[in-house]
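Next comes target.csv, a file with CSV, C-alpha atoms.
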```csv
chain,number,residue,atom,x,y,z
E,1,MET,CA,-6.8,-20.4,-11.1
E,2,ARG,CA,-7.8,-20.9,-14.7
E,3,ALA,CA,-11.6,-21.3,-14.0
E,4,ASP,CA,-11.7,-17.9,-12.3
E,5,ARG,CA,-9.7,-16.4,-15.2
E,6,LEU,CA,-12.2,-17.8,-17.8
E,7,VAL,CA,-15.1,-16.3,-15.9
E,8,SER,CA,-13.3,-13.0,-15.7
E,9,LEU,CA,-12.6,-13.1,-19.5
E,10,VAL,CA,-16.3,-13.7,-20.3
E,11,LEU,CA,-17.3,-10.9,-17.9
E,12,LEU,CA,-14.8,-8.5,-19.5
E,13,LEU,CA,-16.3,-9.2,-22.9
E,14,ARG,CA,-19.8,-8.7,-21.6
E,15,GLN,CA,-18.9,-5.4,-19.9
E,16,HIS,CA,-16.7,-3.9,-22.7
E,17,GLY,CA,-18.0,-5.6,-25.8
E,18,ARG,CA,-15.2,-6.2,-28.3
E,19,LEU,CA,-11.7,-6.4,-26.9
E,20,SER,CA,-8.4,-7.3,-28.6
E,21,ALA,CA,-6.2,-10.2,-27.3
E,22,GLY,CA,-3.7,-7.7,-26.1
E,23,ALA,CA,-6.3,-5.7,-24.1
E,24,LEU,CA,-7.6,-8.9,-22.5
E,25,ALA,CA,-4.0,-10.0,-21.7
E,26,ARG,CA,-3.4,-6.7,-19.9
E,27,GLU,CA,-6.7,-6.9,-17.9
E,28,LEU,CA,-6.1,-10.5,-16.9
E,29,GLU,CA,-2.3,-10.0,-16.3
E,30,VAL,CA,-1.4,-13.0,-18.5
E,31,SER,CA,0.3,-13.4,-21.9
E,32,THR,CA,-1.5,-13.0,-25.3
E,33,ARG,CA,-0.9,-16.7,-26.0
E,34,THR,CA,-2.7,-17.6,-22.7
E,35,VAL,CA,-5.7,-15.5,-23.8
E,36,LEU,CA,-5.9,-17.3,-27.2
E,37,ARG,CA,-5.8,-20.7,-25.4
E,38,ASP,CA,-8.6,-19.5,-23.1
E,39,ILE,CA,-10.7,-18.3,-26.0
E,40,GLU,CA,-10.4,-21.8,-27.6
E,41,ALA,CA,-11.4,-23.4,-24.3
E,42,LEU,CA,-14.5,-21.2,-24.0
E,43,SER,CA,-15.5,-22.0,-27.6
E,44,ALA,CA,-15.1,-25.7,-26.9
E,45,ALA,CA,-17.3,-25.3,-23.8
E,46,GLY,CA,-20.1,-23.8,-25.9
E,47,VAL,CA,-19.6,-20.1,-25.0
E,48,PRO,CA,-20.4,-18.1,-28.1
E,49,VAL,CA,-17.3,-16.1,-28.5
E,50,TYR,CA,-16.1,-15.1,-31.9
E,51,ALA,CA,-13.2,-13.2,-33.5
E,52,GLU,CA,-13.7,-10.1,-35.6
E,53,ARG,CA,-10.8,-9.6,-38.0
E,54,GLY,CA,-9.3,-6.3,-39.1
E,55,ARG,CA,-7.7,-3.2,-37.7
E,56,HIS,CA,-10.4,-2.7,-35.1
E,57,GLY,CA,-11.0,-6.3,-34.6
E,58,GLY,CA,-11.0,-8.4,-31.4
E,59,PHE,CA,-13.1,-11.0,-29.6
E,60,GLU,CA,-16.7,-10.5,-28.8
E,61,LEU,CA,-19.7,-12.5,-27.4
E,62,LEU,CA,-22.9,-13.1,-29.4
E,63,PRO,CA,-25.5,-10.4,-28.4
E,64,GLY,CA,-27.8,-11.4,-25.6
E,65,PHE,CA,-25.5,-14.1,-24.1
E,66,GLN,CA,-25.9,-14.4,-20.4
E,67,THR,CA,-23.7,-16.0,-17.8
E,68,GLU,CA,-24.5,-17.5,-14.5
E,69,LEU,CA,-22.0,-16.6,-11.8
E,70,THR,CA,-20.4,-19.5,-10.0
E,71,GLY,CA,-20.0,-17.2,-6.9
E,72,LEU,CA,-17.1,-15.2,-5.5
E,73,ASN,CA,-14.0,-17.1,-4.6
E,74,HIS,CA,-12.2,-16.6,-1.2
E,75,ASP,CA,-9.8,-13.9,-2.3
E,76,GLU,CA,-12.5,-12.0,-4.2
E,77,ALA,CA,-14.8,-12.0,-1.2
E,78,LEU,CA,-11.9,-10.8,1.0
E,79,ALA,CA,-11.0,-8.1,-1.6
E,80,LEU,CA,-14.6,-6.8,-1.5
E,81,LEU,CA,-14.4,-6.5,2.3
E,82,ILE,CA,-11.5,-4.1,2.0
E,83,ALA,CA,-12.7,-2.5,-1.2
E,84,GLY,CA,-13.2,0.8,0.6
E,85,SER,CA,-9.5,1.2,0.0
E,86,ARG,CA,-8.2,0.3,-3.5
E,87,ARG,CA,-4.6,0.8,-2.2
E,88,GLY,CA,-5.4,-1.5,0.7
E,89,ALA,CA,-6.2,-4.3,-1.7
E,90,GLN,CA,-2.9,-3.7,-3.5
E,91,ALA,CA,-0.9,-3.6,-0.3
E,92,PHE,CA,-2.3,-7.0,0.7
E,93,GLY,CA,-1.8,-8.6,-2.7
E,94,LEU,CA,-5.4,-8.6,-3.6
E,95,GLY,CA,-5.5,-6.1,-6.4
E,96,SER,CA,-6.3,-8.6,-9.2
E,97,ALA,CA,-8.8,-10.4,-7.0
E,98,LEU,CA,-10.6,-7.1,-6.4
E,99,ALA,CA,-10.7,-6.3,-10.1
E,100,SER,CA,-12.2,-9.8,-10.8
E,101,ALA,CA,-14.7,-9.5,-8.0
E,102,MET,CA,-16.0,-6.1,-9.2
E,103,LEU,CA,-16.5,-7.5,-12.7
E,104,LYS,CA,-18.7,-10.2,-11.2
E,105,VAL,CA,-20.6,-7.7,-9.1
E,106,VAL,CA,-21.3,-5.4,-12.1
E,107,ASP,CA,-22.3,-8.4,-14.3
E,108,ALA,CA,-24.8,-9.5,-11.6
E,109,LEU,CA,-26.6,-6.2,-11.7
E,110,PRO,CA,-29.9,-5.9,-13.6
E,111,GLU,CA,-29.4,-4.6,-17.2
E,112,GLY,CA,-30.8,-1.2,-16.3
E,113,GLN,CA,-28.5,-0.7,-13.4
E,114,ARG,CA,-25.3,-1.6,-15.1
E,115,ALA,CA,-25.1,1.7,-17.0
E,116,VAL,CA,-25.8,3.6,-13.8
E,117,ALA,CA,-23.1,1.8,-12.0
E,118,ALA,CA,-20.6,2.3,-14.8
E,119,GLY,CA,-21.4,6.0,-14.9
E,120,ALA,CA,-20.9,6.3,-11.1
E,121,VAL,CA,-17.5,4.7,-11.4
E,122,GLU,CA,-16.4,7.2,-13.9
E,123,ARG,CA,-17.2,10.0,-11.5
E,124,LEU,CA,-15.5,8.7,-8.4
E,125,LEU,CA,-11.7,8.6,-7.9
E,126,VAL,CA,-10.1,7.3,-4.8
E,127,ASP,CA,-6.4,7.9,-3.9
E,128,PRO,CA,-5.0,9.0,-7.3
E,129,ASP,CA,-1.3,8.4,-7.9
E,130,THR,CA,-0.4,12.1,-7.6
E,131,ASP,CA,-1.7,15.0,-5.4
E,132,LEU,CA,-2.5,18.6,-6.5
E,133,LEU,CA,1.2,19.5,-6.4
E,134,ALA,CA,2.0,16.6,-8.7
E,135,ARG,CA,3.8,14.7,-5.9
E,136,ARG,CA,3.6,11.1,-6.8
E,137,GLN,CA,2.2,8.7,-4.1
E,138,THR,CA,4.1,5.5,-4.5
E,139,ALA,CA,3.1,2.3,-2.8
E,140,GLU,CA,5.8,0.0,-1.5
E,141,GLU,CA,6.5,-3.0,-3.7
E,142,VAL,CA,6.0,-6.4,-2.0
E,143,PRO,CA,6.4,-9.6,-4.0
E,144,ASP,CA,3.0,-11.3,-4.5
E,145,ALA,CA,4.3,-14.6,-3.3
E,146,VAL,CA,5.5,-13.1,0.0
E,147,VAL,CA,2.3,-11.2,0.8
E,148,ALA,CA,0.2,-14.2,-0.2
E,149,GLU,CA,2.1,-16.5,2.2
E,150,VAL,CA,1.8,-13.9,5.0
E,151,ARG,CA,-1.9,-13.4,4.3
E,152,ARG,CA,-2.6,-17.2,4.4
E,153,ALA,CA,-0.8,-17.6,7.7
E,154,VAL,CA,-2.7,-14.6,9.2
E,155,LEU,CA,-6.1,-15.9,8.1
E,156,ALA,CA,-5.5,-19.6,8.8
E,157,GLY,CA,-4.0,-18.9,12.3
E,158,HIS,CA,-0.7,-20.6,11.6
E,159,ARG,CA,2.8,-19.6,12.7
E,160,LEU,CA,4.9,-17.9,10.1
E,161,ARG,CA,8.6,-18.1,9.4
E,162,ILE,CA,10.0,-14.9,7.7
E,163,ARG,CA,13.4,-13.7,6.5
E,164,TYR,CA,13.3,-10.0,7.6
E,165,ALA,CA,15.7,-7.2,6.7
E,166,ALA,CA,15.5,-4.7,9.6
E,167,VAL,CA,17.0,-1.2,9.1
E,168,GLU,CA,20.8,-1.3,8.9
E,169,GLN,CA,20.8,-5.0,9.8
E,170,ALA,CA,21.6,-8.1,7.9
E,171,PRO,CA,18.5,-10.2,7.0
E,172,LYS,CA,17.6,-12.8,9.7
E,173,TRP,CA,15.0,-15.6,9.9
E,174,ARG,CA,12.3,-15.2,12.6
E,175,THR,CA,9.4,-17.4,13.6
E,176,VAL,CA,6.4,-15.3,14.6
E,177,ASP,CA,2.8,-15.7,15.6
E,178,PRO,CA,0.8,-13.5,13.2
E,179,ILE,CA,-2.1,-11.4,14.5
E,180,GLY,CA,-3.2,-9.2,11.6
E,181,LEU,CA,-2.3,-7.0,8.6
E,182,VAL,CA,-2.5,-3.2,8.6
E,183,THR,CA,-2.0,-0.7,5.7
E,184,VAL,CA,-1.2,2.9,6.4
E,185,ARG,CA,-0.5,5.5,3.7
E,186,ASP,CA,0.4,2.8,1.2
E,187,GLN,CA,2.7,0.9,3.6
E,188,GLY,CA,1.7,-2.6,4.7
E,189,TYR,CA,2.6,-4.0,8.2
E,190,LEU,CA,2.3,-7.4,9.8
E,191,LEU,CA,1.3,-7.3,13.5
E,192,ALA,CA,2.7,-10.3,15.3
E,193,THR,CA,4.2,-11.6,18.5
E,194,ARG,CA,7.6,-13.3,18.9
E,195,SER,CA,8.3,-15.3,22.0
E,196,GLY,CA,5.3,-13.6,23.5
E,197,ALA,CA,6.4,-10.0,22.8
E,198,ASP,CA,4.6,-7.6,20.4
E,199,ARG,CA,6.4,-7.1,17.1
E,200,THR,CA,5.5,-5.0,14.0
E,201,TYR,CA,7.1,-5.9,10.6
E,202,ARG,CA,6.9,-3.8,7.5
E,203,LEU,CA,5.8,-6.0,4.6
E,204,SER,CA,8.3,-4.5,2.1
E,205,ARG,CA,11.2,-5.7,4.4
E,206,ILE,CA,10.0,-9.3,4.4
E,207,LEU,CA,12.2,-11.0,1.9
E,208,THR,CA,10.8,-14.6,2.2
E,209,ALA,CA,7.8,-16.0,4.1
E,210,GLU,CA,6.8,-19.6,4.9
E,211,GLU,CA,3.5,-20.5,6.4
E,212,LEU,CA,4.0,-23.3,9.0
E,213,ALA,CA,1.6,-26.1,9.9
E,214,GLU,CA,1.8,-25.2,13.6
E,215,PRO,CA,-1.1,-23.2,15.1
E,216,ALA,CA,-0.2,-19.6,16.0
E,217,ARG,CA,-0.2,-18.7,19.7
E,218,ARG,CA,-2.6,-15.9,19.7
E,219,PRO,CA,-6.1,-15.0,21.1
E,220,ASP,CA,-9.1,-16.2,19.2
E,221,ARG,CA,-10.3,-12.6,18.7
E,222,VAL,CA,-8.5,-9.4,18.3
E,223,ASP,CA,-9.3,-5.7,18.1
E,224,LEU,CA,-6.9,-4.8,15.4
E,225,ASP,CA,-7.6,-1.1,15.5
E,226,ARG,CA,-6.8,-1.0,19.2
E,227,ALA,CA,-3.7,-3.1,18.8
E,228,TRP,CA,-2.4,-0.7,16.1
E,229,GLN,CA,-3.1,2.3,18.3
E,230,GLU,CA,-1.3,0.8,21.2
E,231,ARG,CA,1.8,0.0,19.1
E,232,SER,CA,1.8,3.4,17.6
E,233,THR,CA,1.7,5.0,21.0
E,234,ARG,CA,4.6,2.9,22.2
E,235,PHE,CA,6.6,3.8,19.0
E,236,ARG,CA,6.0,7.5,19.5
E,237,THR,CA,7.0,7.5,23.2
E,238,GLY,CA,10.0,5.2,22.8
E,239,GLY,CA,13.6,5.6,21.6
E,240,ASP,CA,15.8,8.7,21.8
E,241,GLN,CA,13.0,11.2,21.0
E,242,VAL,CA,13.8,14.9,20.8
E,243,THR,CA,11.5,17.9,21.1
E,244,VAL,CA,12.2,20.9,18.8
E,245,LEU,CA,11.0,24.4,18.6
E,246,VAL,CA,10.6,25.4,14.9
E,247,ARG,CA,9.6,28.5,12.9
E,248,VAL,CA,8.1,27.4,9.6
E,249,ASP,CA,6.5,28.9,6.5
E,250,PRO,CA,2.7,28.1,6.6
E,251,ALA,CA,3.0,26.6,3.1
E,252,ARG,CA,5.3,23.9,4.4
E,253,ARG,CA,3.5,23.2,7.7
E,254,GLU,CA,1.8,20.0,6.6
E,255,GLU,CA,5.1,18.7,5.2
E,256,LEU,CA,6.7,19.2,8.6
E,257,VAL,CA,3.8,17.8,10.6
E,258,ARG,CA,3.7,14.6,8.4
E,259,THR,CA,7.3,13.8,9.3
E,260,ALA,CA,7.0,14.6,13.1
E,261,LEU,CA,5.8,12.2,15.7
E,262,ALA,CA,3.7,14.7,17.5
E,263,VAL,CA,2.8,18.5,17.6
E,264,HIS,CA,2.6,19.9,21.1
E,265,ALA,CA,2.0,23.6,20.5
E,266,GLU,CA,1.5,26.0,17.6
E,267,GLU,CA,1.1,29.8,17.3
E,268,PRO,CA,1.6,32.4,14.6
E,269,THR,CA,4.5,34.8,14.6
E,270,ALA,CA,4.8,38.5,13.8
E,271,ASP,CA,6.6,37.7,10.5
E,272,GLY,CA,3.7,35.6,9.2
E,273,ARG,CA,5.3,32.3,10.0
E,274,LEU,CA,4.2,29.6,12.5
E,275,ARG,CA,6.1,28.6,15.6
E,276,LEU,CA,5.6,24.9,16.4
E,277,GLU,CA,6.9,22.6,19.2
E,278,VAL,CA,7.2,19.2,17.6
E,279,THR,CA,8.7,15.8,18.6
E,280,PHE,CA,10.9,13.6,16.4
E,281,GLN,CA,12.0,10.0,16.8
E,282,ASP,CA,15.7,10.9,17.3
E,283,PRO,CA,18.3,13.6,16.6
E,284,ARG,CA,19.0,12.2,13.1
E,285,HIS,CA,15.2,12.3,12.3
E,286,ALA,CA,15.0,15.9,13.4
E,287,GLU,CA,18.0,17.1,11.4
E,288,TRP,CA,16.8,15.2,8.3
E,289,ALA,CA,13.2,16.7,8.5
E,290,LEU,CA,14.4,20.3,8.9
E,291,TRP,CA,17.2,20.1,6.3
E,292,GLY,CA,14.6,19.0,3.8
E,293,LEU,CA,12.6,22.2,4.3
E,294,ALA,CA,15.6,24.4,3.5
E,295,THR,CA,15.1,28.1,4.2
E,296,ASP,CA,11.3,27.6,4.8
E,297,ALA,CA,12.0,26.4,8.3
E,298,GLU,CA,14.3,27.4,11.1
E,299,ALA,CA,15.2,25.4,14.2
E,300,LEU,CA,15.0,27.7,17.2
E,301,SER,CA,16.0,25.1,19.8
E,302,PRO,CA,17.8,23.0,21.0
E,303,PRO,CA,21.2,24.6,20.3
E,304,TRP,CA,22.8,21.3,19.2
E,305,LEU,CA,20.3,21.1,16.3
E,306,ARG,CA,21.0,24.6,15.1
E,307,ASP,CA,24.8,23.9,15.3
E,308,SER,CA,24.3,20.6,13.4
E,309,LEU,CA,22.3,22.3,10.6
E,310,HIS,CA,24.8,25.2,10.5
E,311,ASP,CA,27.7,22.8,10.1
E,312,ARG,CA,26.0,20.9,7.3
E,313,ALA,CA,25.1,24.2,5.5
E,314,THR,CA,28.7,25.4,5.8
E,315,THR,CA,30.0,22.2,4.4
E,316,ILE,CA,27.7,22.4,1.4
E,317,ALA,CA,28.5,26.1,0.8
E,318,ALA,CA,32.2,25.3,0.9
E,319,ARG,CA,31.8,22.5,-1.6
E,320,TYR,CA,30.0,24.7,-4.2
E,321,GLY,CA,31.4,28.1,-3.3
E,322,ALA,CA,34.6,28.1,-5.2
E,323,SER,CA,34.7,27.4,-8.9
E,324,THR,CA,37.3,25.1,-10.3
```

What's the structure tokens form of this structure?
Amino acid sequence: MRADRLVSLVLLLRQHGRLSAGALARELEVSTRTVLRDIEALSAAGVPVYAERGRHGGFELLPGFQTELTGLNHDEALALLIAGSRRGAQAFGLGSALASAMLKVVDALPEGQRAVAAGAVERLLVDPDTDLLARRQTAEEVPDAVVAEVRRAVLAGHRLRIRYAAVEQAPKWRTVDPIGLVTVRDQGYLLATRSGADRTYRLSRILTAEELAEPARRPDRVDLDRAWQERSTRFRTGGDQVTVLVRVDPARREELVRTALAVHAEEPTADGRLRLEVTFQDPRHAEWALWGLATDAEALSPPWLRDSLHDRATTIAARYGAST
């Protein structure tokens, strides 16, 4: 909403001092032309904002100008509730609301505490985009319009109609009763029921969402953590799961464990490697996980998995063995 954007613009100028129109546009996620119109609106409303010309110019407030906050809006308050996870806010489509809310919080601090707060922020980093091995952590992309519609239905307690693209299936429309939203390792999920049965939908696979006026058929209260644990357990114990005995280089252990559903046993071997008994979702999952570790892992059993990996390696070797 424009009123919220105007407040954010003033708070940005109060916090950073002089900012160019381009910098304000990037912070507010709007065009430069929109920023210029907003500056004119603020001036017309009596806010003492002025332009400084030149190479290092920009917009600035008169020294000593104070604002009175109009209060956090709904999305900003919600963003602060999940602000313990910056990526959680992004997954639920509340990233811009969180940024706006934090500006208001900082501006509400006494003058002497603002510098302390700003210094603290500079020394705390949560979930950077890459780890120590420079592996990029990429969050799933979900259109803002989709996640906003899903979020509204969840919080309002309304039924939801979604067009969902399940794995290796054509997209289909489904009407569900939303229970809650969960984010795990940068992946967002909708917990819902459909015809009374529990369902879990990945947000990135929801192509279209429509909040319905009809009330959702769900309990008034929910223990979302317990619901997620129960669904995770059912997922791990269902399907065509396979248990594999693997010898792996200790440096690749974590990579193997992250892809497996469960680790049942682990012991060191005489050659300095680790022997693990792990469970995968199905045979294809097991083959994919071990193939990705190349020579740093060896499937000891079952025999069909060793044969499958051998056949794949033979095919690759034949493809690249002879020069043409």

Pick from E:Arg161, E:Trp228, E:Glu266, E:Val49: nearest to Leu11 in chain E, with only C-alpha atoms counted?
-> E:Val49

Wanna dump the range 214-263 of chain E-range 274-279 of chain E contacts at 6 Å for me, each residue with its shortest atom pair and the distance in Å to one decimal, counting only C-alpha atoms, ordered by chain and number, as a Markdown table?
```
| residue | atom | partner | partner_atom | distance |
| --- | --- | --- | --- | --- |
| E:Val242 | CA | E:Thr279 | CA | 5.6 |
| E:Thr243 | CA | E:Thr279 | CA | 4.3 |
| E:Val244 | CA | E:Val278 | CA | 5.4 |
| E:Leu245 | CA | E:Glu277 | CA | 4.5 |
| E:Val246 | CA | E:Leu276 | CA | 5.2 |
| E:Arg247 | CA | E:Arg275 | CA | 4.4 |
| E:Val248 | CA | E:Leu274 | CA | 5.3 |
| E:Ala260 | CA | E:Thr279 | CA | 5.9 |
| E:Leu261 | CA | E:Thr279 | CA | 5.5 |
| E:Ala262 | CA | E:Thr279 | CA | 5.2 |
| E:Val263 | CA | E:Val278 | CA | 4.5 |
```

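Closest approach to Val167 in chain E among E:Ser204, E:Thr259, E:Gln15, E:Gln187: E:Ser204, based on all atoms listed in the file.
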
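Residue neighbourhood of Leu256 in chain E, excluding near-sequence residues (fewer than 5 positions): Ala289, Leu290 and Leu293 of chain E, at 8 Å, using only C-alpha atoms.
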
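Coordinates place CA of Ala165 in chain E at a distance of 13.6 Å from CA of Val146 in chain E.
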